[in-house]
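Data block below; observations after.
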6 protein chains.
Amino acid sequence: MARVVTGQPRAGQAVAGAFAEVGVATTHEAQGRVGLLNPRLRPRQVGAAISGVAVTCEVPPGDNWMLHVAVDLAGEGDVLVVSPTSRCDDGYFGDLLATAAQARGVRGLVIDAGVRDVSALRSMGFPVWSKTVSAQGTVKETLADVQVPLVCGDRLVHPGDVVVADDDGICIVPRVDAEVVLEAARSRALDEERKRRLYSSGKSSLDVDPALRGRLEEMGLIRE
Amino acid sequence: MARVVTGQPRAGQAVAGAFAEVGVATTHEAQGRVGLLNPRLRPRQVGAAISGVAVTCEVPPGDNWMLHVAVDLAGEGDVLVVSPTSRCDDGYFGDLLATAAQARGVRGLVIDAGVRDVSALRSMGFPVWSKTVSAQGTVKETLADVQVPLVCGDRLVHPGDVVVADDDGICIVPRVDAEVVLEAARSRALDEERKRRLYSSGKSSLDVDPALRGRLEEMGLIRE
Amino acid sequence: MARVVTGQPRAGQAVAGAFAEVGVATTHEAQGRVGLLNPRLRPRQVGAAISGVAVTCEVPPGDNWMLHVAVDLAGEGDVLVVSPTSRCDDGYFGDLLATAAQARGVRGLVIDAGVRDVSALRSMGFPVWSKTVSAQGTVKETLADVQVPLVCGDRLVHPGDVVVADDDGICIVPRVDAEVVLEAARSRALDEERKRRLYSSGKSSLDVDPALRGRLEEMGLIRE
Amino acid sequence: MARVVTGQPRAGQAVAGAFAEVGVATTHEAQGRVGLLNPRLRPRQVGAAISGVAVTCEVPPGDNWMLHVAVDLAGEGDVLVVSPTSRCDDGYFGDLLATAAQARGVRGLVIDAGVRDVSALRSMGFPVWSKTVSAQGTVKETLADVQVPLVCGDRLVHPGDVVVADDDGICIVPRVDAEVVLEAARSRALDEERKRRLYSSGKSSLDVDPALRGRLEEMGLIRE
Amino acid sequence: MARVVTGQPRAGQAVAGAFAEVGVATTHEAQGRVGLLNPRLRPRQVGAAISGVAVTCEVPPGDNWMLHVAVDLAGEGDVLVVSPTSRCDDGYFGDLLATAAQARGVRGLVIDAGVRDVSALRSMGFPVWSKTVSAQGTVKETLADVQVPLVCGDRLVHPGDVVVADDDGICIVPRVDAEVVLEAARSRALDEERKRRLYSSGKSSLDVDPALRGRLEEMGLIRE
Amino acid sequence: MARVVTGQPRAGQAVAGAFAEVGVATTHEAQGRVGLLNPRLRPRQVGAAISGVAVTCEVPPGDNWMLHVAVDLAGEGDVLVVSPTSRCDDGYFGDLLATAAQARGVRGLVIDAGVRDVSALRSMGFPVWSKTVSAQGTVKETLADVQVPLVCGDRLVHPGDVVVADDDGICIVPRVDAEVVLEAARSRALDEERKRRLYSSGKSSLDVDPALRGRLEEMGLIRE
């Protein structure tokens, strides 16, 4: 018995979109070092950085029917988050589905399985993060759930959460935390900028954060 | 007792070469979703797309002598397909062997082991698909079979088969099927082009293939 | 009880720096096919080729405090070599530490764990070789040893050894062997250049090294 | 900021304990083929079969302090479910913690990381399911959350859910579904017993479920 | 378009069954160190040693329908050899199918995927070799080929070949070679028995095979 | 140029042998949580616990000649520690070499590669710890070093060091530290025994080590 759920609450469009600029590493630190998907999910292009609202989709092993349903539902500012119901590395998503998704304003795809047509995906500028690249095609025989909470990359994702993805991986920000985390991430980015200037002028990180150097001896570091 | 076999039948040069344009994913679909090598074999460059006739070569663990024999045999339009007799990740192939192969008109290498000199291989435009990159060198002490059927990337490859390789991976087309599959792949590529136009204009894939949307409710999909 | 050791002997600056030009594969062959780190350590950029003197650093799982200590110690021509005390894939190193390291003249990082901010690292031209890419942040709670011999990529590295790294991986040259190996590598590079010319003119490698062809039949190769 | 939550609702003791008899495979089928943890978690003994109520515990990489807190909280009929906040294979749990847990009536441990003292654990009859076996010890420096929902073996587990574990792996039954799933599992077990008798008498499974044989030709199976 | 092929030639029953006694390692040596399946396929019991005639079966990802067809075809002295058409770790085979297979005289199962009910399989004495253990169930929606040549554990297996399996793994002997290899394996076993006696009396293996010691110095071994 | 080195200093026989009783986990803790080999090396039997003096041996990929040399050198109380010069999973060691080793008083084998004849090894009581089990045979064509320092399981091992191995894995104790570590391990074992008694009587580990409970609130643990 498969379900397509609609009408759930969503993170605000502007807030969700603003995370792309601060990026995955800073977002993750800003919300307390949580929220990352397993790094086995890798970008299949260089330099893309996106953020948006999660549209979630489960897929049976070797079957991408529900991805067509999810793309049909998705719209401006969404990011597809897809997970197989049991481990499968097939190529669930290629340039045709990407064309349909892009036409609806979808910003990218995160999938704990395989993708294909990666050369075309790069040409058309549709970014994907996947476990593998595989040309292995899929069938359309079995249903699964769309827009339900699912585990992708070993982490729980709810429809409506914020998805941030770049060359470092993928970070999920729960919908209700989005504004607070964005604020914290921006302020953290400012502080990193300050440190970057100090470091590039030759200042040691042990002195920029004096606690770092001070505690070394206190905790028993021996210099020989 | 090792053998080098010659004089086997080969896929036609023109047909074999024509697959590069339709690519791995479409070729694989056109022959009934079979023929892919395991996706652990990855391209070691971006954007190369080749096809040609398989010259097969077995190699003992840590020994690349027979690769020299295989390159000596190979010629215009060939693709080397190499597999170790037991698992080995050493760097069997580098820019010197690539220079010799390229001088003979060989189009690329597929190897279920390691390669090295990847930076030079990219510069000289000789594409490789391999399980790993490793600078670990090999010896020349033990013989193995050349131009015999072998398993590479978990799939049987016969000398004379067609090899298609691009950013999505590698697909093998049995020699006797080459013409029929090429025809089917081209016609499939046309159909994909048609769908791409419809999708990019905003049409849903569930409507372009009406069976997709219709069967959803019939099979019990619940919309909440 | 953690230690920071200083004052160890180092490979000469000029010699250490000269390996970048001959590269990993040739260096490895020139010292008798030894010295490679495990190929699970991959470059996180395309085309970088460096060499320098190892500054070694152990890190507890999930804790990068000692990396700050190591960067503080490091200087012109050094390469950081970092290994966790038990397996950990967290992102220990990002653009802030890279900025500090680059300001001191450090040439790059080799780490048997994860890195992050890889997009920024590429932009700023600081090359890294790592086991994985992960945005997972670390704490600063526990000490470990700096500038001690350690195992990185399954191989023993001493502070002061030469580190050579490029698209093929990483090779370590023991400090005391550096001059002899550099000589051997350069002479090997010349010989490879000679072979490359012969091969590109169509000569078979079996004939350039006549022992290769001659021994084939002697060892029992059958031609069918 | 770490939390220990108490007072959550729990699955009933009798119901939770009754799943051990029907086992993981049947429970999983009975709740619609969902609920399994990733099979990388393996039993570290042969033949143990348990079920009970989940007490959940997060642990930082290389730090088992919170496991002591979780054991302190746990009681009769509980099963510990432990997950590191970032991937870590250290040996978080050994015979001392097992002694403390067993004294409180805890039935076993499920951990997405390593365990040690496995020989002693087998002798004392305390069953564990883990990702790996490692003697690598841990520190007690950093806090994490206890009795919160977490992802273990790629699946969401809530405190109070039912945990079923045997030689086939681990299955989670959400607290609110426990009675219905137990009923369904028992009725399924009866049906399997019926089939087992028919099969052992030589009856073909294609005839016991006539739809299986009938649809073969209908779907296009060719017999040659 | 799926096929079930019947009437192929088979290795002789007595010969096929006799390999169990000589075992996998000796059989593999006796046929020239070839024929092993990838060691990722492991026995799921301790001490079983079988041999018989291969009945081959392909299965789609997550779908075990064709295994029911294969069991229906199989008979006395057969061994099931099963491979998914794309990578899948689901639990395709459990105690019900094992009961049906055992009733027909099938000796065991080799599968490049998952099995379940392993505790029951051990109790009933039906041995299995698999890539993984997983309780994840499968559907019965899609057809695939039965009794066709397939790649299992990275090696080509034809229906009718001999399958030898024990605690060391699995070895395939092509049907037409079975008698010659059995002869060679038995004579090798005798020779190993002779060596075992010499070794257990304290004789060095370097002296039992004098070529081993003699060539050491000749090839340049230095004793320090 | 390969070497066999003799006459190195060795850990004392009695001390080396005494570690078996305290075991791997306690030894590792007693020497400051270092010395473990990578847990990918697993025992191939249940319940064996040994300790002895390391005889080290490098082997080329697919070649076990030097293992014969190492066994020839080894004697009462030794443990073989073997590592391939590049990654290889072949079955380097089986029951014949084990017979020769056992006749000399060798206590077991630790190998970062494959073993075979595991059923016979269990019957004869010769314990092995290996990366994999594989029947894949090896040749005797190439030399390598015996009794030199090598990296096995990602850790440096010197000939003459103490090797401790049981169901938890393998730990190396440097020769010069053996007596001090044994003392510390024994005193730690006594303390563990004391704790075990307290825990089994129902005492919480947070109270047995009062610092554990006290610091929780101090470090900010929140109880809800």
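Residue numbers start at 1 in each chain; chains themselves are named A, B, ... in the order of the structure tokens; ligands are numbered from 1 in the order shown.
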
Point to revise | Residues flagged strand (DSSP E or B) by DSSP in segment 92-169 of chain F, as a ChimeraX atom specification | key: /F:92-93,108-115,128-133,139,146,150-152,155-157,162-166,169

Create the file for the chosen residues now, containing N, CA and C atoms and written as a PDB file, in the first residue's frame.
ATOM      1  N   TYR F  92      47.307 -17.571   0.497  1.00  0.00           N
ATOM      2  CA  TYR F  92      48.751 -17.806   0.575  1.00  0.00           C
ATOM      3  C   TYR F  92      49.133 -19.008   1.449  1.00  0.00           C
ATOM      4  N   PHE F  93      48.251 -19.401   2.347  1.00  0.00           N
ATOM      5  CA  PHE F  93      48.642 -20.317   3.415  1.00  0.00           C
ATOM      6  C   PHE F  93      47.533 -21.343   3.598  1.00  0.00           C
ATOM      7  N   GLY F 108      50.830 -19.716  15.471  1.00  0.00           N
ATOM      8  CA  GLY F 108      49.725 -19.249  14.645  1.00  0.00           C
ATOM      9  C   GLY F 108      50.221 -18.315  13.557  1.00  0.00           C
ATOM     10  N   LEU F 109      49.276 -17.808  12.770  1.00  0.00           N
ATOM     11  CA  LEU F 109      49.598 -16.956  11.619  1.00  0.00           C
ATOM     12  C   LEU F 109      48.701 -15.737  11.632  1.00  0.00           C
ATOM     13  N   VAL F 110      49.299 -14.579  11.313  1.00  0.00           N
ATOM     14  CA  VAL F 110      48.555 -13.342  11.099  1.00  0.00           C
ATOM     15  C   VAL F 110      48.920 -12.865   9.704  1.00  0.00           C
ATOM     16  N   ILE F 111      47.932 -12.708   8.819  1.00  0.00           N
ATOM     17  CA  ILE F 111      48.248 -12.371   7.420  1.00  0.00           C
ATOM     18  C   ILE F 111      47.257 -11.359   6.875  1.00  0.00           C
ATOM     19  N   ASP F 112      47.775 -10.310   6.248  1.00  0.00           N
ATOM     20  CA  ASP F 112      46.937  -9.259   5.662  1.00  0.00           C
ATOM     21  C   ASP F 112      46.593  -9.645   4.219  1.00  0.00           C
ATOM     22  N   ALA F 113      46.073 -10.859   4.059  1.00  0.00           N
ATOM     23  CA  ALA F 113      45.734 -11.432   2.762  1.00  0.00           C
ATOM     24  C   ALA F 113      44.842 -12.631   3.047  1.00  0.00           C
ATOM     25  N   GLY F 114      44.767 -13.589   2.108  1.00  0.00           N
ATOM     26  CA  GLY F 114      43.876 -14.729   2.276  1.00  0.00           C
ATOM     27  C   GLY F 114      44.565 -15.995   2.762  1.00  0.00           C
ATOM     28  N   VAL F 115      43.759 -16.876   3.362  1.00  0.00           N
ATOM     29  CA  VAL F 115      44.209 -18.233   3.705  1.00  0.00           C
ATOM     30  C   VAL F 115      43.221 -19.241   3.111  1.00  0.00           C
ATOM     31  N   VAL F 128      44.579 -19.038  12.748  1.00  0.00           N
ATOM     32  CA  VAL F 128      44.982 -18.020  11.773  1.00  0.00           C
ATOM     33  C   VAL F 128      44.064 -16.810  11.884  1.00  0.00           C
ATOM     34  N   TRP F 129      44.645 -15.645  11.641  1.00  0.00           N
ATOM     35  CA  TRP F 129      43.905 -14.384  11.533  1.00  0.00           C
ATOM     36  C   TRP F 129      44.237 -13.830  10.154  1.00  0.00           C
ATOM     37  N   SER F 130      43.207 -13.563   9.338  1.00  0.00           N
ATOM     38  CA  SER F 130      43.477 -13.167   7.957  1.00  0.00           C
ATOM     39  C   SER F 130      42.476 -12.136   7.477  1.00  0.00           C
ATOM     40  N   LYS F 131      42.804 -11.489   6.357  1.00  0.00           N
ATOM     41  CA  LYS F 131      41.881 -10.524   5.769  1.00  0.00           C
ATOM     42  C   LYS F 131      40.731 -11.227   5.086  1.00  0.00           C
ATOM     43  N   THR F 132      41.002 -12.383   4.503  1.00  0.00           N
ATOM     44  CA  THR F 132      39.938 -13.073   3.799  1.00  0.00           C
ATOM     45  C   THR F 132      40.240 -14.565   3.749  1.00  0.00           C
ATOM     46  N   VAL F 133      39.254 -15.336   3.321  1.00  0.00           N
ATOM     47  CA  VAL F 133      39.454 -16.754   3.030  1.00  0.00           C
ATOM     48  C   VAL F 133      39.332 -16.903   1.527  1.00  0.00           C
ATOM     49  N   VAL F 139      51.915 -18.740  -6.806  1.00  0.00           N
ATOM     50  CA  VAL F 139      53.088 -19.304  -7.485  1.00  0.00           C
ATOM     51  C   VAL F 139      54.325 -19.118  -6.603  1.00  0.00           C
ATOM     52  N   VAL F 146      62.348 -11.210   4.365  1.00  0.00           N
ATOM     53  CA  VAL F 146      61.910 -11.969   5.526  1.00  0.00           C
ATOM     54  C   VAL F 146      62.631 -11.422   6.761  1.00  0.00           C
ATOM     55  N   LEU F 150      57.739  -4.494   8.870  1.00  0.00           N
ATOM     56  CA  LEU F 150      56.753  -4.349   7.786  1.00  0.00           C
ATOM     57  C   LEU F 150      55.463  -3.803   8.372  1.00  0.00           C
ATOM     58  N   VAL F 151      54.584  -3.318   7.469  1.00  0.00           N
ATOM     59  CA  VAL F 151      53.275  -2.849   7.885  1.00  0.00           C
ATOM     60  C   VAL F 151      52.263  -3.950   7.615  1.00  0.00           C
ATOM     61  N   CYS F 152      51.575  -4.406   8.640  1.00  0.00           N
ATOM     62  CA  CYS F 152      50.555  -5.457   8.525  1.00  0.00           C
ATOM     63  C   CYS F 152      49.314  -4.947   9.230  1.00  0.00           C
ATOM     64  N   ARG F 155      49.718  -1.375  10.569  1.00  0.00           N
ATOM     65  CA  ARG F 155      50.555  -1.061  11.719  1.00  0.00           C
ATOM     66  C   ARG F 155      51.949  -1.642  11.539  1.00  0.00           C
ATOM     67  N   LEU F 156      52.949  -0.910  12.008  1.00  0.00           N
ATOM     68  CA  LEU F 156      54.317  -1.371  11.888  1.00  0.00           C
ATOM     69  C   LEU F 156      54.596  -2.522  12.856  1.00  0.00           C
ATOM     70  N   VAL F 157      55.174  -3.609  12.344  1.00  0.00           N
ATOM     71  CA  VAL F 157      55.562  -4.745  13.181  1.00  0.00           C
ATOM     72  C   VAL F 157      57.043  -5.025  12.945  1.00  0.00           C
ATOM     73  N   VAL F 162      56.148  -8.744  20.309  1.00  0.00           N
ATOM     74  CA  VAL F 162      55.159  -9.706  20.799  1.00  0.00           C
ATOM     75  C   VAL F 162      53.855  -9.545  20.012  1.00  0.00           C
ATOM     76  N   VAL F 163      53.281 -10.672  19.607  1.00  0.00           N
ATOM     77  CA  VAL F 163      51.982 -10.695  18.927  1.00  0.00           C
ATOM     78  C   VAL F 163      50.976 -11.352  19.865  1.00  0.00           C
ATOM     79  N   VAL F 164      49.858 -10.670  20.100  1.00  0.00           N
ATOM     80  CA  VAL F 164      48.771 -11.230  20.909  1.00  0.00           C
ATOM     81  C   VAL F 164      47.543 -11.301  20.011  1.00  0.00           C
ATOM     82  N   ALA F 165      46.863 -12.443  19.967  1.00  0.00           N
ATOM     83  CA  ALA F 165      45.722 -12.578  19.049  1.00  0.00           C
ATOM     84  C   ALA F 165      44.644 -13.430  19.685  1.00  0.00           C
ATOM     85  N   ASP F 166      43.405 -12.952  19.578  1.00  0.00           N
ATOM     86  CA  ASP F 166      42.260 -13.755  20.039  1.00  0.00           C
ATOM     87  C   ASP F 166      41.018 -13.354  19.243  1.00  0.00           C
ATOM     88  N   GLY F 169      40.809  -9.728  17.847  1.00  0.00           N
ATOM     89  CA  GLY F 169      41.728  -9.204  16.853  1.00  0.00           C
ATOM     90  C   GLY F 169      43.167  -9.471  17.234  1.00  0.00           C
TER      91      GLY F 169
END

Check your understanding: Given a cut-off of 10 Å, which residues of chain F touch chain C, counting only C-alpha atoms, written out as JSON, numbers by chain?
Key -> {"F": [1, 32, 33, 34, 35, 36, 38, 39, 85, 86, 87, 149, 150, 151, 152, 153, 154, 155, 156]}

Output for the residues just chosen: C-alpha atoms as a PDB file, in the first residue's frame:
ATOM      1  CA  MET F   1      67.083  -7.488  -4.040  1.00  0.00           C
ATOM      2  CA  GLY F  32      47.879   3.188  26.160  1.00  0.00           C
ATOM      3  CA  ARG F  33      45.252   2.168  23.604  1.00  0.00           C
ATOM      4  CA  VAL F  34      47.705   1.561  20.770  1.00  0.00           C
ATOM      5  CA  GLY F  35      49.043  -1.456  18.917  1.00  0.00           C
ATOM      6  CA  LEU F  36      45.964  -2.960  17.283  1.00  0.00           C
ATOM      7  CA  ASN F  38      43.134  -3.150  11.517  1.00  0.00           C
ATOM      8  CA  PRO F  39      39.992  -5.167  12.369  1.00  0.00           C
ATOM      9  CA  THR F  85      53.871  -5.980  -1.019  1.00  0.00           C
ATOM     10  CA  SER F  86      50.759  -4.824  -2.837  1.00  0.00           C
ATOM     11  CA  ARG F  87      47.145  -5.617  -1.978  1.00  0.00           C
ATOM     12  CA  PRO F 149      59.988  -4.446   9.793  1.00  0.00           C
ATOM     13  CA  LEU F 150      56.753  -4.349   7.786  1.00  0.00           C
ATOM     14  CA  VAL F 151      53.275  -2.849   7.885  1.00  0.00           C
ATOM     15  CA  CYS F 152      50.555  -5.457   8.525  1.00  0.00           C
ATOM     16  CA  GLY F 153      46.959  -4.470   9.194  1.00  0.00           C
ATOM     17  CA  ASP F 154      48.053  -0.805   8.840  1.00  0.00           C
ATOM     18  CA  ARG F 155      50.555  -1.061  11.719  1.00  0.00           C
ATOM     19  CA  LEU F 156      54.317  -1.371  11.888  1.00  0.00           C
TER      20      LEU F 156
END

As a short mmCIF file (atom, residue, chain, number, x, y, z; two decimals) with all heavy atoms, in the first residue's frame, please: the residues near segment 5-16 of chain C (cut-off 8 Å, only C-alpha atoms, same-chain neighbours under 3 positions excluded).
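Output file around24.cif is given in full below:
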data_model
loop_
_atom_site.label_atom_id
_atom_site.label_comp_id
_atom_site.auth_asym_id
_atom_site.auth_seq_id
_atom_site.Cartn_x
_atom_site.Cartn_y
_atom_site.Cartn_z
N ARG A 223 56.91 18.52 24.99
CA ARG A 223 57.68 18.97 23.82
C ARG A 223 59.09 18.45 23.97
O ARG A 223 59.74 18.68 24.98
CB ARG A 223 57.66 20.49 23.70
CG ARG A 223 56.26 21.03 23.42
CD ARG A 223 56.24 22.53 23.13
NE ARG A 223 54.89 23.00 22.97
CZ ARG A 223 54.27 23.12 21.78
NH1 ARG A 223 54.89 22.82 20.67
NH2 ARG A 223 53.01 23.54 21.72
N GLU A 224 59.56 17.72 22.98
CA GLU A 224 60.90 17.12 23.07
C GLU A 224 61.82 17.76 22.05
O GLU A 224 61.41 18.07 20.93
CB GLU A 224 60.81 15.62 22.78
CG GLU A 224 59.94 14.89 23.79
CD GLU A 224 59.86 13.39 23.48
OE1 GLU A 224 60.37 12.98 22.42
OE2 GLU A 224 59.27 12.67 24.29
N PHE C 19 61.40 16.27 -6.63
CA PHE C 19 60.67 15.05 -7.01
C PHE C 19 59.36 15.35 -7.73
O PHE C 19 58.85 14.51 -8.47
CB PHE C 19 60.39 14.19 -5.77
CG PHE C 19 61.54 13.36 -5.32
CD1 PHE C 19 62.43 13.81 -4.36
CD2 PHE C 19 61.74 12.09 -5.86
CE1 PHE C 19 63.48 13.03 -3.93
CE2 PHE C 19 62.80 11.30 -5.45
CZ PHE C 19 63.68 11.76 -4.48
N SER C 51 55.98 18.02 -4.17
CA SER C 51 56.83 17.21 -3.31
C SER C 51 57.41 18.11 -2.23
O SER C 51 57.51 19.33 -2.41
CB SER C 51 57.94 16.50 -4.09
OG SER C 51 58.80 17.43 -4.71
N GLY C 52 57.76 17.50 -1.09
CA GLY C 52 58.27 18.29 0.02
C GLY C 52 58.63 17.39 1.17
O GLY C 52 58.72 16.17 1.01
N VAL C 53 58.81 18.01 2.34
CA VAL C 53 59.28 17.27 3.51
C VAL C 53 58.11 16.99 4.46
O VAL C 53 57.33 17.89 4.78
CB VAL C 53 60.38 18.08 4.23
CG1 VAL C 53 60.85 17.34 5.49
CG2 VAL C 53 61.55 18.33 3.30
N GLY C 77 58.01 24.55 2.28
CA GLY C 77 58.40 23.28 1.66
C GLY C 77 57.92 22.04 2.35
O GLY C 77 58.25 20.93 1.93
N VAL C 146 52.73 14.60 17.58
CA VAL C 146 53.10 15.35 16.38
C VAL C 146 54.58 15.15 16.10
O VAL C 146 55.38 15.12 17.04
CB VAL C 146 52.79 16.85 16.57
CG1 VAL C 146 53.29 17.68 15.38
CG2 VAL C 146 51.30 17.07 16.75
N GLN C 147 54.90 14.97 14.85
CA GLN C 147 56.30 14.76 14.42
C GLN C 147 56.88 13.45 14.99
O GLN C 147 58.03 13.40 15.41
CB GLN C 147 57.19 15.96 14.77
CG GLN C 147 56.93 17.18 13.88
CD GLN C 147 57.47 17.02 12.47
OE1 GLN C 147 57.02 16.14 11.72
NE2 GLN C 147 58.43 17.84 12.08
N VAL C 148 56.06 12.40 14.97
CA VAL C 148 56.54 11.05 15.30
C VAL C 148 56.32 10.16 14.08
O VAL C 148 55.51 10.48 13.22
CB VAL C 148 55.76 10.45 16.50
CG1 VAL C 148 55.97 11.29 17.75
CG2 VAL C 148 54.29 10.32 16.17
N PRO C 159 58.86 11.70 10.15
CA PRO C 159 59.03 13.14 9.93
C PRO C 159 60.38 13.36 9.25
O PRO C 159 61.36 12.68 9.61
CB PRO C 159 59.04 13.73 11.34
CG PRO C 159 58.87 12.61 12.30
CD PRO C 159 58.75 11.34 11.57
N GLY C 160 60.40 14.22 8.26
CA GLY C 160 61.65 14.47 7.56
C GLY C 160 61.80 13.68 6.27
O GLY C 160 62.67 14.00 5.45
N ASP C 161 60.95 12.65 6.06
CA ASP C 161 60.96 11.93 4.78
C ASP C 161 60.47 12.84 3.66
O ASP C 161 59.82 13.86 3.89
CB ASP C 161 60.03 10.71 4.85
CG ASP C 161 60.63 9.55 5.65
OD1 ASP C 161 61.83 9.60 5.99
OD2 ASP C 161 59.89 8.59 5.92
N VAL C 162 60.72 12.41 2.42
CA VAL C 162 60.19 13.15 1.27
C VAL C 162 58.82 12.59 0.90
O VAL C 162 58.62 11.37 0.85
CB VAL C 162 61.13 13.04 0.05
CG1 VAL C 162 60.51 13.75 -1.16
CG2 VAL C 162 62.49 13.64 0.38
N VAL C 163 57.87 13.49 0.65
CA VAL C 163 56.52 13.13 0.19
C VAL C 163 56.36 13.60 -1.24
O VAL C 163 56.60 14.78 -1.52
CB VAL C 163 55.44 13.80 1.06
CG1 VAL C 163 54.05 13.38 0.63
CG2 VAL C 163 55.67 13.53 2.54
N ARG C 175 64.21 9.76 4.09
CA ARG C 175 65.12 10.89 4.07
C ARG C 175 66.52 10.52 3.56
O ARG C 175 67.07 11.18 2.69
CB ARG C 175 65.21 11.46 5.48
CG ARG C 175 66.12 12.64 5.65
CD ARG C 175 66.15 13.08 7.11
NE ARG C 175 66.53 12.00 8.00
CZ ARG C 175 67.80 11.61 8.23
NH1 ARG C 175 68.81 12.22 7.63
NH2 ARG C 175 68.05 10.61 9.04
N VAL C 176 67.07 9.42 4.10
CA VAL C 176 68.46 9.11 3.78
C VAL C 176 68.64 8.63 2.34
O VAL C 176 69.76 8.62 1.82
CB VAL C 176 69.03 8.05 4.74
CG1 VAL C 176 69.06 8.60 6.16
CG2 VAL C 176 68.23 6.76 4.68
N ALA C 178 67.01 9.99 -0.27
CA ALA C 178 66.41 10.96 -1.18
C ALA C 178 67.31 11.27 -2.37
O ALA C 178 66.87 11.25 -3.53
CB ALA C 178 66.05 12.24 -0.43
N GLU C 179 68.58 11.50 -2.13
CA GLU C 179 69.44 11.91 -3.25
C GLU C 179 69.64 10.79 -4.26
O GLU C 179 69.57 11.00 -5.47
CB GLU C 179 70.78 12.43 -2.72
CG GLU C 179 70.55 13.70 -1.90
CD GLU C 179 71.84 14.44 -1.57
OE1 GLU C 179 72.80 14.32 -2.36
OE2 GLU C 179 71.87 15.13 -0.53
N LEU C 182 66.43 10.26 -6.23
CA LEU C 182 66.16 11.33 -7.20
C LEU C 182 67.00 11.12 -8.46
O LEU C 182 66.49 11.22 -9.58
CB LEU C 182 66.48 12.70 -6.58
CG LEU C 182 66.25 13.89 -7.51
CD1 LEU C 182 64.80 13.97 -7.96
CD2 LEU C 182 66.64 15.20 -6.81
#

Practice item. Could you give me the residues within segment 43-221 of chain B that DSSP places in alpha helix (DSSP H), as a PyMOL selection string? Key: chain B and resi 65-73+95-103+118-124+178-200+205-208+210-218

Practice item. Between atom CA of Ser187 of chain D and atom CA of Pro60 of chain E, measure the distance and give it in Å to one decimal. Key: 28.7 Å

Can you pull out the residues contacting segment 22-27 of chain C? Cut-off 8 Å, using only C-alpha atoms, and skip same-chain residues under 5 positions away; I want them as a compact mmCIF listing (two decimals) with C-alpha atoms, in the first residue's frame.
# COMPACT_ATOMS: atom_id res chain seq x y z
CA ARG B 116 48.75 4.95 -13.50
CA ASP B 117 50.15 8.06 -15.19
CA ALA B 135 51.14 3.88 -9.15
CA GLN B 136 52.07 0.39 -7.95
CA GLY B 137 54.28 -1.11 -10.67
CA ALA C 49 51.90 17.61 -8.48
CA VAL C 164 55.72 13.06 -3.53
CA ALA C 165 52.07 13.40 -4.57
CA ASP C 166 50.24 13.78 -7.87
CA ASP C 168 48.57 8.86 -9.36
CA GLY C 169 48.72 8.94 -5.56
CA ILE C 170 51.44 9.43 -2.98
CA CYS C 171 54.97 8.03 -2.62
CA VAL C 181 66.44 7.92 -5.53
CA LEU C 182 66.16 11.33 -7.20
CA ALA C 185 64.28 8.62 -10.98
CA ARG C 186 65.74 11.24 -13.30
CA ARG C 188 64.62 6.47 -15.41
CA ALA C 189 62.61 9.42 -16.75

**Study point:** Neighbour list for Ala74 of chain D as a PyMOL selection string, cut-off 9 Å, only C-alpha atoms, skip fewer than 2 positions in-chain
**Key:** chain D and resi 55+69-72+76-80+101+104-106
